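Reviewing the structure listed below.
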Amino acid sequence: MSGAADRSPPPRSISFEGERRALLVEGVSGTDARLVMSRLSLHPGNPVIVLSGGADSLTGIERDRARKLLGQAIVRAAHLTGALVVDGGTDAGVIALLGAAAERSDWRPTLIGVAPEGLVTYPGAPGSDGGVELEPNHSHFVLVPGTEWGEETNVLIELAARLAGSAPVVVVVAGGGDVTEIELAKAARRGWPIYVLQGTGGVSDQLVSLEHQPSKGATSALEEVAAAGNVHTFEEDAPDQLARLLAWELQDLKVLKRAWVAFASYDQAASRLRKSFERFQWWILVLGIAATFVALIKSEIESDAQGAAGFVDTVLHWAVVATPIVVASLIALANRVSSGKRWVLLRAGAEAIKREIYRFRTETGIYATGDQSSRQAVLASQLDVVESRLMSTEVSAGSIPRYAGTLPPKMYGASRYDDGLSSLTGERYLEIRVEDQLAYFYPKTEALHRKQRRLQALAIAAGGVGTLLAAAGFEVWIGLTTAISVASIAHLGYLQVDATLVAYNHAAARLEALVRSWEALPPERRDRNVFEQLVSDAESALEGELGGWVQQMSEALRELQARQEDARRRSPRVEEPDARKTEETFPGST
């Protein structure tokens, strides 16, 4: 606490139009942040958003983009996290856009403006004609001695750091000039993440260009900011998405964030392995049909030509020899990498972690009591259980790349705009967990049902064509129609379409019943116990659906692997395959 701070005038209350009031302190130096907080009745420990950027430089499409994104995103992120907002305080540029968004909002954030006292004016200010007006929706102002823009920067940065204490600070920048560069450089030295709104001109677009052309036309301050490696470019047009990213940065829930990383890593690996598994199976089935077709063609040529040799005959001979070998190799490789089993287990692990995340966020079950630290300790213990079980399976035999994408990981439906960390009410839980899961189940069951009907129709049609061929005297081609029919049935078998449809429909019915039960209750009866039961029942329904599906998929994959392994041992033969044995040796047949 400095002597200058002791002699500074006491805080004053200023009034703007519309009965808006704010507290203001003057004569503040860069070492007075703690005293300022005391005089303004502000306390450390809240997350902080620092808004930096263009005051009067934003125009045209750049201003339109900032208006669309900036204020809404910051107000929403502050509401979700309880963050304070620190900015330049003047009624111009990005600060005016933020103030307008705060005025429109049902929830008023704490906005703290820091500016040089010789350059601003406000209602009742003595002798300040010609200054820039202070933004009227701010709740607090700190005026620093000075008559040049930038003289307030040290106080602004120090005040943001003091207000946060050990809580996170995030910087948002749109447009901006020389003063913005200095602010960002100071923020980068403190390790604060910086979110840059691309397309707003000035410093923002210069920082974006540094990613593509390092050092080209950049100042040393901007190079320092870019080199810090904590700059995030925002390119989208969705303010809710920007709010989601800011809210993620502003919440100091390290274990919960690690849980999301683990979920995203397992989910990403499961998706990749599933695609790999399905490609393997598709090629095995297609090559099995191709082997039958080539064998039949060669048989027909031989019977017509009475054993005449030629180029076509040679090609067909080697095709008949090579195709079963390729099929056998694919089967061996598929079984070696065990992508089928691994993707199912990884999916189960990802969903188990997701259940723990939502139980944590609803503060139910084992997460119902204790402070944030103890609840995170419980979550860490539960994650250990999930991962130890997963690592005791075939999953540990392969690599699981760590997720390196955007956090929180991109979801679908209402979850697309969820920050992944904030606590959930009953209504919000139903919206982003239950309703989103229903929104996944219904289209998925429709798609699976269509696939089921197509494959069944193909199998029936192939059988019918085989009957017609037999009636017409082309018995030799029955092997091909049989191969197509068997391949269709095999494809349905390893996809477990029937079992998946049953599991999804049962889970959807249970979730719908829970939604109806909750909505039927009057608001006064939706107490903590009812909410606890809702979460317990919903997560149990999802766990039961997944558990049954995993068991059925695992059994189907074991049977598929056994059949294909048997086919692999018998398929690679140099002698010409007998088309009449197709049904016995076709990989994946049931």
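In the structure tokens, each chain is lettered A, B, ... as it comes, each chain's residues begin at 1, and ligands are numbered from 1 in order of appearance.
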(request) Would you mind listing what lies within 9 Å of A:Lys354 as a count of residues only, with only C-alpha atoms counted and same-chain residues fewer than 5 positions away left out? (result) 5
Distance table requested - stretch 175-277 of chain A against stretch 57-80 of chain A, cut-off 12 Å, only C-alpha atoms: one row per qualifying residue with the closest atom pair and its distance in Å to one decimal, ordered by chain and rising residue number, as JSON lines.
{"residue": "A:Gly175", "atom": "CA", "partner": "A:Leu58", "partner_atom": "CA", "distance": 6.6}
{"residue": "A:Gly176", "atom": "CA", "partner": "A:Ser57", "partner_atom": "CA", "distance": 7.1}
{"residue": "A:Gly177", "atom": "CA", "partner": "A:Ser57", "partner_atom": "CA", "distance": 8.2}
{"residue": "A:Asp178", "atom": "CA", "partner": "A:Ser57", "partner_atom": "CA", "distance": 11.5}
{"residue": "A:Thr180", "atom": "CA", "partner": "A:Ser57", "partner_atom": "CA", "distance": 11.7}
{"residue": "A:Tyr195", "atom": "CA", "partner": "A:Leu70", "partner_atom": "CA", "distance": 10.9}
{"residue": "A:Val196", "atom": "CA", "partner": "A:Leu70", "partner_atom": "CA", "distance": 10.6}
{"residue": "A:Leu197", "atom": "CA", "partner": "A:Ala66", "partner_atom": "CA", "distance": 7.6}
{"residue": "A:Gln198", "atom": "CA", "partner": "A:Arg65", "partner_atom": "CA", "distance": 9.0}
{"residue": "A:Gly199", "atom": "CA", "partner": "A:Glu62", "partner_atom": "CA", "distance": 6.1}
{"residue": "A:Thr200", "atom": "CA", "partner": "A:Glu62", "partner_atom": "CA", "distance": 4.3}
{"residue": "A:Gly201", "atom": "CA", "partner": "A:Glu62", "partner_atom": "CA", "distance": 6.3}
{"residue": "A:Gly202", "atom": "CA", "partner": "A:Ser57", "partner_atom": "CA", "distance": 8.0}
{"residue": "A:Val203", "atom": "CA", "partner": "A:Ser57", "partner_atom": "CA", "distance": 10.8}
{"residue": "A:Ser204", "atom": "CA", "partner": "A:Glu62", "partner_atom": "CA", "distance": 10.7}
{"residue": "A:Asp205", "atom": "CA", "partner": "A:Glu62", "partner_atom": "CA", "distance": 10.4}
{"residue": "A:Phe234", "atom": "CA", "partner": "A:Leu69", "partner_atom": "CA", "distance": 10.1}
{"residue": "A:Glu235", "atom": "CA", "partner": "A:Arg65", "partner_atom": "CA", "distance": 10.4}
{"residue": "A:Glu236", "atom": "CA", "partner": "A:Leu69", "partner_atom": "CA", "distance": 9.0}
{"residue": "A:Asp237", "atom": "CA", "partner": "A:Leu69", "partner_atom": "CA", "distance": 6.9}
{"residue": "A:Ala238", "atom": "CA", "partner": "A:Leu69", "partner_atom": "CA", "distance": 6.7}
{"residue": "A:Pro239", "atom": "CA", "partner": "A:Leu69", "partner_atom": "CA", "distance": 4.6}
{"residue": "A:Asp240", "atom": "CA", "partner": "A:Ala73", "partner_atom": "CA", "distance": 6.0}
{"residue": "A:Gln241", "atom": "CA", "partner": "A:Ala73", "partner_atom": "CA", "distance": 7.8}
{"residue": "A:Leu242", "atom": "CA", "partner": "A:Ala73", "partner_atom": "CA", "distance": 5.8}
{"residue": "A:Ala243", "atom": "CA", "partner": "A:Ala73", "partner_atom": "CA", "distance": 4.3}
{"residue": "A:Arg244", "atom": "CA", "partner": "A:Ala77", "partner_atom": "CA", "distance": 6.9}
{"residue": "A:Leu245", "atom": "CA", "partner": "A:Ala77", "partner_atom": "CA", "distance": 8.5}
{"residue": "A:Leu246", "atom": "CA", "partner": "A:Ala77", "partner_atom": "CA", "distance": 6.1}
{"residue": "A:Ala247", "atom": "CA", "partner": "A:Ala77", "partner_atom": "CA", "distance": 5.0}
{"residue": "A:Trp248", "atom": "CA", "partner": "A:Ala77", "partner_atom": "CA", "distance": 8.8}
{"residue": "A:Glu249", "atom": "CA", "partner": "A:Ala77", "partner_atom": "CA", "distance": 9.8}
{"residue": "A:Leu250", "atom": "CA", "partner": "A:Ala77", "partner_atom": "CA", "distance": 8.3}
{"residue": "A:Gln251", "atom": "CA", "partner": "A:Leu80", "partner_atom": "CA", "distance": 9.5}
Based on the selection just made, write N, CA and C atoms of those residues as a short mmCIF file (atom, residue, chain, number, x, y, z; two decimals), in the first residue's frame.
data_model
loop_
_atom_site.label_atom_id
_atom_site.label_comp_id
_atom_site.auth_asym_id
_atom_site.auth_seq_id
_atom_site.Cartn_x
_atom_site.Cartn_y
_atom_site.Cartn_z
N GLY A 175 -9.72 -6.58 -32.88
CA GLY A 175 -9.11 -5.37 -33.42
C GLY A 175 -7.91 -4.96 -32.60
N GLY A 176 -7.76 -3.63 -32.39
CA GLY A 176 -6.70 -3.15 -31.51
C GLY A 176 -5.53 -2.53 -32.24
N GLY A 177 -4.79 -1.71 -31.47
CA GLY A 177 -3.61 -1.03 -32.01
C GLY A 177 -2.42 -1.16 -31.09
N ASP A 178 -1.64 -0.08 -30.94
CA ASP A 178 -0.38 -0.13 -30.19
C ASP A 178 -0.61 -0.48 -28.72
N THR A 180 -3.05 -2.15 -27.44
CA THR A 180 -3.45 -3.57 -27.36
C THR A 180 -2.24 -4.48 -27.42
N TYR A 195 -7.60 -15.23 -26.52
CA TYR A 195 -8.53 -15.61 -27.59
C TYR A 195 -8.68 -14.44 -28.55
N VAL A 196 -8.36 -14.70 -29.81
CA VAL A 196 -8.32 -13.67 -30.84
C VAL A 196 -9.51 -13.85 -31.78
N LEU A 197 -10.31 -12.80 -31.95
CA LEU A 197 -11.43 -12.84 -32.88
C LEU A 197 -10.94 -12.51 -34.28
N GLN A 198 -10.80 -13.54 -35.09
CA GLN A 198 -10.36 -13.34 -36.47
C GLN A 198 -11.40 -12.53 -37.24
N GLY A 199 -10.91 -11.66 -38.13
CA GLY A 199 -11.82 -10.88 -38.95
C GLY A 199 -12.25 -9.58 -38.34
N THR A 200 -11.58 -9.16 -37.25
CA THR A 200 -11.92 -7.88 -36.62
C THR A 200 -10.82 -6.85 -36.84
N GLY A 201 -9.85 -7.15 -37.71
CA GLY A 201 -8.84 -6.17 -38.09
C GLY A 201 -7.78 -5.93 -37.03
N GLY A 202 -6.91 -4.95 -37.28
CA GLY A 202 -5.91 -4.53 -36.33
C GLY A 202 -5.00 -5.63 -35.82
N VAL A 203 -4.71 -5.55 -34.53
CA VAL A 203 -3.80 -6.50 -33.90
C VAL A 203 -4.32 -7.94 -34.01
N SER A 204 -5.63 -8.10 -33.92
CA SER A 204 -6.21 -9.44 -33.98
C SER A 204 -5.82 -10.15 -35.26
N ASP A 205 -6.04 -9.51 -36.40
CA ASP A 205 -5.72 -10.16 -37.67
C ASP A 205 -4.22 -10.27 -37.90
N PHE A 234 -10.26 -17.62 -32.96
CA PHE A 234 -11.67 -18.00 -33.06
C PHE A 234 -12.19 -17.53 -34.41
N GLU A 235 -12.64 -18.48 -35.24
CA GLU A 235 -13.05 -18.18 -36.60
C GLU A 235 -14.55 -18.29 -36.81
N GLU A 236 -15.26 -18.91 -35.90
CA GLU A 236 -16.69 -19.21 -36.11
C GLU A 236 -17.55 -17.96 -35.92
N ASP A 237 -18.84 -18.13 -36.24
CA ASP A 237 -19.79 -17.03 -36.09
C ASP A 237 -20.79 -17.30 -34.97
N ALA A 238 -20.44 -18.19 -34.05
CA ALA A 238 -21.36 -18.59 -32.98
C ALA A 238 -20.89 -18.03 -31.64
N PRO A 239 -21.58 -17.03 -31.08
CA PRO A 239 -21.16 -16.49 -29.78
C PRO A 239 -21.24 -17.53 -28.66
N ASP A 240 -22.21 -18.45 -28.74
CA ASP A 240 -22.31 -19.49 -27.72
C ASP A 240 -21.09 -20.39 -27.72
N GLN A 241 -20.52 -20.61 -28.89
CA GLN A 241 -19.33 -21.45 -28.97
C GLN A 241 -18.13 -20.73 -28.37
N LEU A 242 -18.01 -19.43 -28.60
CA LEU A 242 -16.93 -18.67 -27.97
C LEU A 242 -17.12 -18.64 -26.46
N ALA A 243 -18.36 -18.47 -26.01
CA ALA A 243 -18.64 -18.48 -24.57
C ALA A 243 -18.25 -19.82 -23.96
N ARG A 244 -18.50 -20.89 -24.69
CA ARG A 244 -18.15 -22.24 -24.22
C ARG A 244 -16.64 -22.36 -24.00
N LEU A 245 -15.87 -21.87 -24.95
CA LEU A 245 -14.41 -21.96 -24.85
C LEU A 245 -13.88 -21.09 -23.71
N LEU A 246 -14.45 -19.90 -23.57
CA LEU A 246 -14.02 -19.02 -22.49
C LEU A 246 -14.36 -19.62 -21.13
N ALA A 247 -15.56 -20.17 -21.00
CA ALA A 247 -15.97 -20.78 -19.73
C ALA A 247 -15.07 -21.95 -19.37
N TRP A 248 -14.62 -22.70 -20.37
CA TRP A 248 -13.69 -23.81 -20.12
C TRP A 248 -12.39 -23.27 -19.51
N GLU A 249 -11.86 -22.20 -20.07
CA GLU A 249 -10.60 -21.63 -19.58
C GLU A 249 -10.76 -21.05 -18.18
N LEU A 250 -11.94 -20.53 -17.86
CA LEU A 250 -12.13 -19.77 -16.63
C LEU A 250 -12.41 -20.64 -15.41
N GLN A 251 -12.56 -21.94 -15.58
CA GLN A 251 -12.88 -22.81 -14.45
C GLN A 251 -11.69 -23.71 -14.13
#
(message) Given only C-alpha atoms as the basis, pick out the residue of A:Ser166, A:Tyr266, A:Ser381, A:Lys451 nearest to A:Val395.
(response) A:Tyr266
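Nearest to A:Ser373 of all the residues A:Thr233, A:Phe360, A:Ala269, A:Trp107 is A:Phe360, based on only C-alpha atoms.
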(message) Can you tell me, as a PyMOL selection string, which residues in stretch 227-306 of chain A count as alpha helix (DSSP H) by DSSP?
(response) chain A and resi 227+239-250+254-305
(message) Report as a ChimeraX atom specification all protein, DNA and RNA residues lying within 9 Å of stretch 431-442 of chain A, evaluated on only C-alpha atoms, omitting residues in the same chain fewer than 6 positions from it.
(response) /A:358,412-416,418,504-505,507-508,511-512,515,538,542
Quick one: write out the picked residues with N, CA and C atoms as an mmCIF file, in the first residue's frame?
data_model
loop_
_atom_site.group_PDB
_atom_site.id
_atom_site.type_symbol
_atom_site.label_atom_id
_atom_site.label_comp_id
_atom_site.auth_asym_id
_atom_site.auth_seq_id
_atom_site.Cartn_x
_atom_site.Cartn_y
_atom_site.Cartn_z
ATOM 1 N N TYR A 358 -20.796 -36.464 -15.785
ATOM 2 C CA TYR A 358 -22.121 -35.882 -15.548
ATOM 3 C C TYR A 358 -22.575 -36.064 -14.109
ATOM 4 N N TYR A 412 -22.582 -32.871 -29.942
ATOM 5 C CA TYR A 412 -23.686 -32.639 -30.863
ATOM 6 C C TYR A 412 -24.880 -32.120 -30.064
ATOM 7 N N GLY A 413 -25.881 -31.596 -30.795
ATOM 8 C CA GLY A 413 -27.091 -31.118 -30.126
ATOM 9 C C GLY A 413 -26.805 -29.952 -29.198
ATOM 10 N N ALA A 414 -27.553 -29.907 -28.090
ATOM 11 C CA ALA A 414 -27.390 -28.820 -27.124
ATOM 12 C C ALA A 414 -26.004 -28.841 -26.486
ATOM 13 N N SER A 415 -25.376 -30.013 -26.412
ATOM 14 C CA SER A 415 -24.041 -30.119 -25.812
ATOM 15 C C SER A 415 -22.983 -29.378 -26.616
ATOM 16 N N ARG A 416 -23.328 -29.032 -27.842
ATOM 17 C CA ARG A 416 -22.357 -28.310 -28.673
ATOM 18 C C ARG A 416 -21.968 -26.979 -28.035
ATOM 19 N N ASP A 418 -22.208 -26.453 -24.633
ATOM 20 C CA ASP A 418 -21.979 -26.667 -23.205
ATOM 21 C C ASP A 418 -20.491 -26.537 -22.912
ATOM 22 N N TYR A 504 -30.931 -49.731 -28.070
ATOM 23 C CA TYR A 504 -31.219 -48.310 -28.239
ATOM 24 C C TYR A 504 -32.685 -47.994 -27.955
ATOM 25 N N ASN A 505 -33.587 -48.832 -28.445
ATOM 26 C CA ASN A 505 -35.015 -48.577 -28.233
ATOM 27 C C ASN A 505 -35.403 -48.705 -26.762
ATOM 28 N N ALA A 507 -33.365 -48.203 -24.162
ATOM 29 C CA ALA A 507 -32.800 -47.066 -23.449
ATOM 30 C C ALA A 507 -33.596 -45.792 -23.738
ATOM 31 N N ALA A 508 -33.990 -45.586 -24.994
ATOM 32 C CA ALA A 508 -34.761 -44.399 -25.359
ATOM 33 C C ALA A 508 -36.099 -44.379 -24.633
ATOM 34 N N LEU A 511 -35.509 -43.374 -21.001
ATOM 35 C CA LEU A 511 -35.175 -41.953 -20.885
ATOM 36 C C LEU A 511 -36.411 -41.081 -21.122
ATOM 37 N N GLU A 512 -37.234 -41.451 -22.088
ATOM 38 C CA GLU A 512 -38.467 -40.697 -22.332
ATOM 39 C C GLU A 512 -39.364 -40.714 -21.100
ATOM 40 N N VAL A 515 -38.039 -38.233 -18.563
ATOM 41 C CA VAL A 515 -38.339 -36.847 -18.936
ATOM 42 C C VAL A 515 -39.793 -36.520 -18.604
ATOM 43 N N ALA A 538 -31.325 -42.073 -14.970
ATOM 44 C CA ALA A 538 -30.892 -41.818 -16.345
ATOM 45 C C ALA A 538 -29.542 -42.462 -16.624
ATOM 46 N N LEU A 542 -28.565 -45.580 -19.277
ATOM 47 C CA LEU A 542 -27.509 -45.528 -20.287
ATOM 48 C C LEU A 542 -26.441 -46.585 -20.040
#
So that I can see what lies close to A:Gly131, please list as a compact mmCIF listing (two decimals) with N, CA and C atoms, in the first residue's frame the residues with an atom at most 9 Å from it, counting only C-alpha atoms and leaving out residues fewer than 3 positions away in the same chain.
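Final output, out-v4.txt:
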# COMPACT_ATOMS: atom_id res chain seq x y z
N GLY A 118 -7.17 11.77 -17.33
CA GLY A 118 -7.11 12.99 -18.12
C GLY A 118 -7.76 12.86 -19.48
N LEU A 119 -8.24 11.68 -19.83
CA LEU A 119 -8.80 11.47 -21.17
C LEU A 119 -10.27 11.10 -21.16
N VAL A 120 -10.87 11.01 -19.98
CA VAL A 120 -12.26 10.54 -19.92
C VAL A 120 -13.14 11.54 -19.19
N THR A 121 -14.42 11.41 -19.40
CA THR A 121 -15.40 12.23 -18.69
C THR A 121 -16.56 11.35 -18.26
N TYR A 122 -17.31 11.84 -17.28
CA TYR A 122 -18.46 11.09 -16.75
C TYR A 122 -19.39 12.09 -16.08
N SER A 128 -13.79 18.24 -17.30
CA SER A 128 -13.33 17.18 -18.20
C SER A 128 -14.02 17.28 -19.55
(request) Provide the atom CA of A:Phe531 to atom CA of A:Asn46 distance in Å, to one decimal place. (result) 28.1 Å
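Of the residues listed (A:Pro11, A:Val255, A:Val50, A:Gly45), A:Pro11 shows the shortest atom-to-atom separation from A:Phe141; distances use only C-alpha atoms.
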(message) Just list as a list in words whatever in stretch 221-279 of chain A DSSP marks as strand (DSSP E or B).
(response) Val231, His232, Thr233 and Phe234 of chain A
Preceding selection exported with C-alpha atoms as an mmCIF file, in the first residue's frame:
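New file result_37.cif:
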data_model
loop_
_atom_site.group_PDB
_atom_site.id
_atom_site.type_symbol
_atom_site.label_atom_id
_atom_site.label_comp_id
_atom_site.auth_asym_id
_atom_site.auth_seq_id
_atom_site.Cartn_x
_atom_site.Cartn_y
_atom_site.Cartn_z
ATOM 1 C CA VAL A 231 -2.973 -17.784 -28.529
ATOM 2 C CA HIS A 232 -6.267 -19.247 -29.747
ATOM 3 C CA THR A 233 -7.878 -18.044 -32.965
ATOM 4 C CA PHE A 234 -11.672 -17.998 -33.064
#
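Comparing A:Gly82, A:Gly165, A:Gly229, A:Pro409 by their smallest distance to A:Ala33, the closest is A:Gly165 (using only C-alpha atoms).
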(request) With a distance cut-off of 7 Å and only C-alpha atoms, select the neighbouring residues of stretch 16-25 of chain A, excluding the residue or stretch itself and same-chain residues fewer than 5 positions from it, and output the selection as a list in words. (result) Pro10, Pro11, Leu40, Pro123, Pro136, Asn137, His138, Ser139, His140, Phe141, Val142 and Leu143 of chain A
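The spacing separating atom CA of A:Ser396 from atom CA of A:His491 amounts to 27.4 Å.
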(message) As an exercise, work out the distance from atom CA of A:Glu135 to atom CA of A:Ala115 in Å and give it to one decimal place.
(response) 11.1 Å
(request) Would you please work out which residue, of A:Asp106, A:Gly53, A:Leu253, A:Leu156, is nearest to A:Val28 when using only C-alpha atoms? (result) A:Leu156
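Each of A:Ser399, A:Thr369, A:Ser29, A:Asn529 was checked against A:Glu152 using only C-alpha atoms; the smallest atom-to-atom distance is that of A:Ser29.
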